[in-house]
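Visitor: Attaching a single structure in structure tokens format; questions to follow.
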Amino acid sequence: MSSKTENGQRGIRISFEFFPPKSEEAETQLWNTVADLSEWEPDFVSVTYGAGGSTKAPTLSAVRRMIHETPFTTASHLTCVGATREDTHRVIDDLLSTGVRRFVALRGDPPGGVGAAYQPHPGGYANAAELVSALRERGDFDISVSAYPEKHPESRDTAADIDMLKRKADNGANRALTQFFFDNDAFERYHDRVRAAGIKIPVVPGIMPIQNLTQLKRFAGACGTLIPSWLDERFDGLDEDADKRADVAADVAAEQIEDLVRRGIHEFHLYTMNRSPLVSAVLDRLGIPRKTDARAGAAA
């Protein structure tokens, strides 16, 4: 498939997720990744925010630098778990002061981590729908929210999950970014149910290029993502061949996106894990031109 980015031409739209660094080495890696991926001119990027504000300072620092030193349109994640409304408002004020006008509004994982019991703070916002409403009252921001094609692990069923998404959309969300998944049929069924529920905002697939299948399985088990058996087959026998593993990982993600494009989806949110080579390999396979390629073509 040959695709072109949004510059007046037909094609797919991409966005990237980064997380704030926790060490000097991780910070160097993040900004090298940002420099590398700027060649792809994403629609926007997002920076994650830890449960209970556990990464508040590094998130603010990363967001500030993204906004003022990179070409990226930048969204900050914002959670309300473990915080009073006043605490959440102070974080919003801090983010606004850095220049943030786009948010990814999330309830957030419990302080005990994914899978721990969630208890709303008695003086806080109970869920992401309430947080979206609070943001919308503050200004005309661009607000993304989360969606779960294979159901949020805490939801009693998919219907309840979709009802929560509808509340977020009705309260002013602009789009939903999904949890990563590998079963496109499951996404299509979910997308059909979302539309049948009267939810009209874009539902953007979250794509996770596989950096490490073993680690991914542990994370997927906690967040409710199913790992199909064919992934094991694709990676079988490659434990000692890093180059081949990277090739297979890029092929898998590119094939998933190509199939979703055939199903009518044209926006994708890529979880970078603060690493550029695999993400760039995926986009190269999709035929998406880099900024340097586009300039070279214009000059030819």
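Every chain in the structure tokens has a letter given in the order shown (A, B, ...), and although residue numbers restart at 1 in each chain, ligands are simply numbered from 1 in the order shown.
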Could you go through range 47-248 of chain A and tell me which residues DSSP, when run on the backbone, assigns to helix (DSSP H, G or I), listing them as a PyMOL selection string?
Guide: chain A and resi 51-53+56-69+85-98+128-138+158-170+184-196+213-223+229-235+242-248
Visitor: Which residues are near His89 in chain A? Cut-off 10 Å, only C-alpha atoms, ignore same chain within fewer than 4 positions. Put them as a list of chain:residue names.
Guide: A:Cys80, A:Ala83, A:Thr84, A:Arg85, A:Asp93, A:Asp94, A:Leu95, A:Ala134, A:Leu135, A:Arg138
Visitor: Of the candidates A:Ile265, A:Ala250, A:Ala105, A:Ile199, which shows the shortest atom-to-atom distance to Val279 in chain A, using only C-alpha atoms?
Guide: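 Smallest distance to Val279 in chain A is found for A:Ala250.
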Visitor: Among range 65-289 of chain A, which residues carry a DSSP assignment of strand (DSSP E or B), reported as number ranges by chain?
Guide: A: 74-79, 102-106, 142-147, 175-180, 203-207, 267-271
Visitor: Write to file, as a PDB file, in the first residue's frame, the residues of the selection just made, with C-alpha atoms.
Guide:
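So the final result, stored in out-v5.pdb, reads:
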```
ATOM      1  CA  THR A  74       1.643  18.371  21.825  1.00  0.00           C
ATOM      2  CA  ALA A  75      -1.044  16.903  24.071  1.00  0.00           C
ATOM      3  CA  SER A  76      -0.494  16.140  27.727  1.00  0.00           C
ATOM      4  CA  HIS A  77      -2.120  13.202  29.423  1.00  0.00           C
ATOM      5  CA  LEU A  78      -4.146  14.223  32.455  1.00  0.00           C
ATOM      6  CA  THR A  79      -5.464  11.864  35.125  1.00  0.00           C
ATOM      7  CA  ARG A 102      -4.566  19.588  23.952  1.00  0.00           C
ATOM      8  CA  PHE A 103      -5.244  16.923  26.552  1.00  0.00           C
ATOM      9  CA  VAL A 104      -5.617  13.169  26.751  1.00  0.00           C
ATOM     10  CA  ALA A 105      -8.120  12.932  29.609  1.00  0.00           C
ATOM     11  CA  LEU A 106      -7.955   9.668  31.541  1.00  0.00           C
ATOM     12  CA  ASP A 142      -8.762  19.538  22.021  1.00  0.00           C
ATOM     13  CA  ILE A 143      -9.553  16.523  24.207  1.00  0.00           C
ATOM     14  CA  SER A 144      -8.759  12.892  23.485  1.00  0.00           C
ATOM     15  CA  VAL A 145      -9.991  10.026  25.645  1.00  0.00           C
ATOM     16  CA  SER A 146      -9.359   6.290  25.849  1.00  0.00           C
ATOM     17  CA  ALA A 147     -11.299   3.408  24.310  1.00  0.00           C
ATOM     18  CA  ARG A 175     -11.617  11.653  19.694  1.00  0.00           C
ATOM     19  CA  ALA A 176     -10.919   8.330  21.346  1.00  0.00           C
ATOM     20  CA  LEU A 177      -7.487   6.666  21.255  1.00  0.00           C
ATOM     21  CA  THR A 178      -7.709   2.928  21.780  1.00  0.00           C
ATOM     22  CA  GLN A 179      -5.733   0.559  23.926  1.00  0.00           C
ATOM     23  CA  PHE A 180      -3.377  -1.409  21.697  1.00  0.00           C
ATOM     24  CA  VAL A 203     -12.055   6.075  17.276  1.00  0.00           C
ATOM     25  CA  VAL A 204      -8.336   5.972  16.532  1.00  0.00           C
ATOM     26  CA  PRO A 205      -6.604   2.582  16.753  1.00  0.00           C
ATOM     27  CA  GLY A 206      -3.631   2.427  19.102  1.00  0.00           C
ATOM     28  CA  ILE A 207      -0.845   0.499  17.398  1.00  0.00           C
ATOM     29  CA  GLU A 267      -5.993   7.603  11.657  1.00  0.00           C
ATOM     30  CA  PHE A 268      -3.511   5.752  13.872  1.00  0.00           C
ATOM     31  CA  HIS A 269      -1.873   6.442  17.237  1.00  0.00           C
ATOM     32  CA  LEU A 270       1.506   4.722  17.585  1.00  0.00           C
ATOM     33  CA  TYR A 271       2.916   3.791  20.975  1.00  0.00           C
TER      34      TYR A 271
END
```
Visitor: Check the smallest atom-to-atom distance from each of A:Arg90, A:Arg156, A:Arg245, A:His191 to Asp232 in chain A using only C-alpha atoms, then report the winner.
Guide: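 Checking each of A:Arg90, A:Arg156, A:Arg245, A:His191 against Asp232 in chain A, counting only C-alpha atoms, the winner is A:Arg245.
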Visitor: Could you jot down the CA of Asp239 in chain A to CA of Glu258 in chain A separation for me, Å, one decimal place?
Guide: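 Atom-to-atom, CA of Asp239 in chain A to CA of Glu258 in chain A, that is 26.5 Å.
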Visitor: Just the residues within 12 Å of range 26-29 of chain A, please, counting only C-alpha atoms, with nothing from its chain fewer than 4 positions along; format it as a PyMOL selection string.
Guide: chain A and resi 18-22+33-36+58-59+61-62+65+272-277
Visitor: For C-alpha atoms, I'd like the residues from the last selection saved as an mmCIF file, in the first residue's frame.
Guide:
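Saved as out18.cif:
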```cif
data_model
loop_
_atom_site.group_PDB
_atom_site.id
_atom_site.type_symbol
_atom_site.label_atom_id
_atom_site.label_comp_id
_atom_site.auth_asym_id
_atom_site.auth_seq_id
_atom_site.Cartn_x
_atom_site.Cartn_y
_atom_site.Cartn_z
ATOM 1 C CA PHE A 18 5.891 9.287 24.427
ATOM 2 C CA PHE A 19 6.446 8.903 28.150
ATOM 3 C CA PRO A 20 8.487 11.208 30.419
ATOM 4 C CA PRO A 21 12.035 10.009 31.155
ATOM 5 C CA LYS A 22 13.063 8.881 34.638
ATOM 6 C CA THR A 33 13.683 9.611 19.439
ATOM 7 C CA VAL A 34 11.786 12.889 19.160
ATOM 8 C CA ALA A 35 14.372 14.222 16.701
ATOM 9 C CA ASP A 36 14.211 11.055 14.617
ATOM 10 C CA PRO A 58 8.957 15.093 34.362
ATOM 11 C CA THR A 59 5.709 15.300 32.383
ATOM 12 C CA SER A 61 9.256 19.334 31.741
ATOM 13 C CA ALA A 62 8.839 17.078 28.706
ATOM 14 C CA ARG A 65 10.179 21.241 25.831
ATOM 15 C CA THR A 272 6.608 4.554 20.435
ATOM 16 C CA MET A 273 7.996 3.325 23.792
ATOM 17 C CA ASN A 274 10.425 6.241 23.317
ATOM 18 C CA ARG A 275 12.249 4.349 20.561
ATOM 19 C CA SER A 276 12.355 5.398 16.922
ATOM 20 C CA PRO A 277 13.872 2.602 14.765
#
```
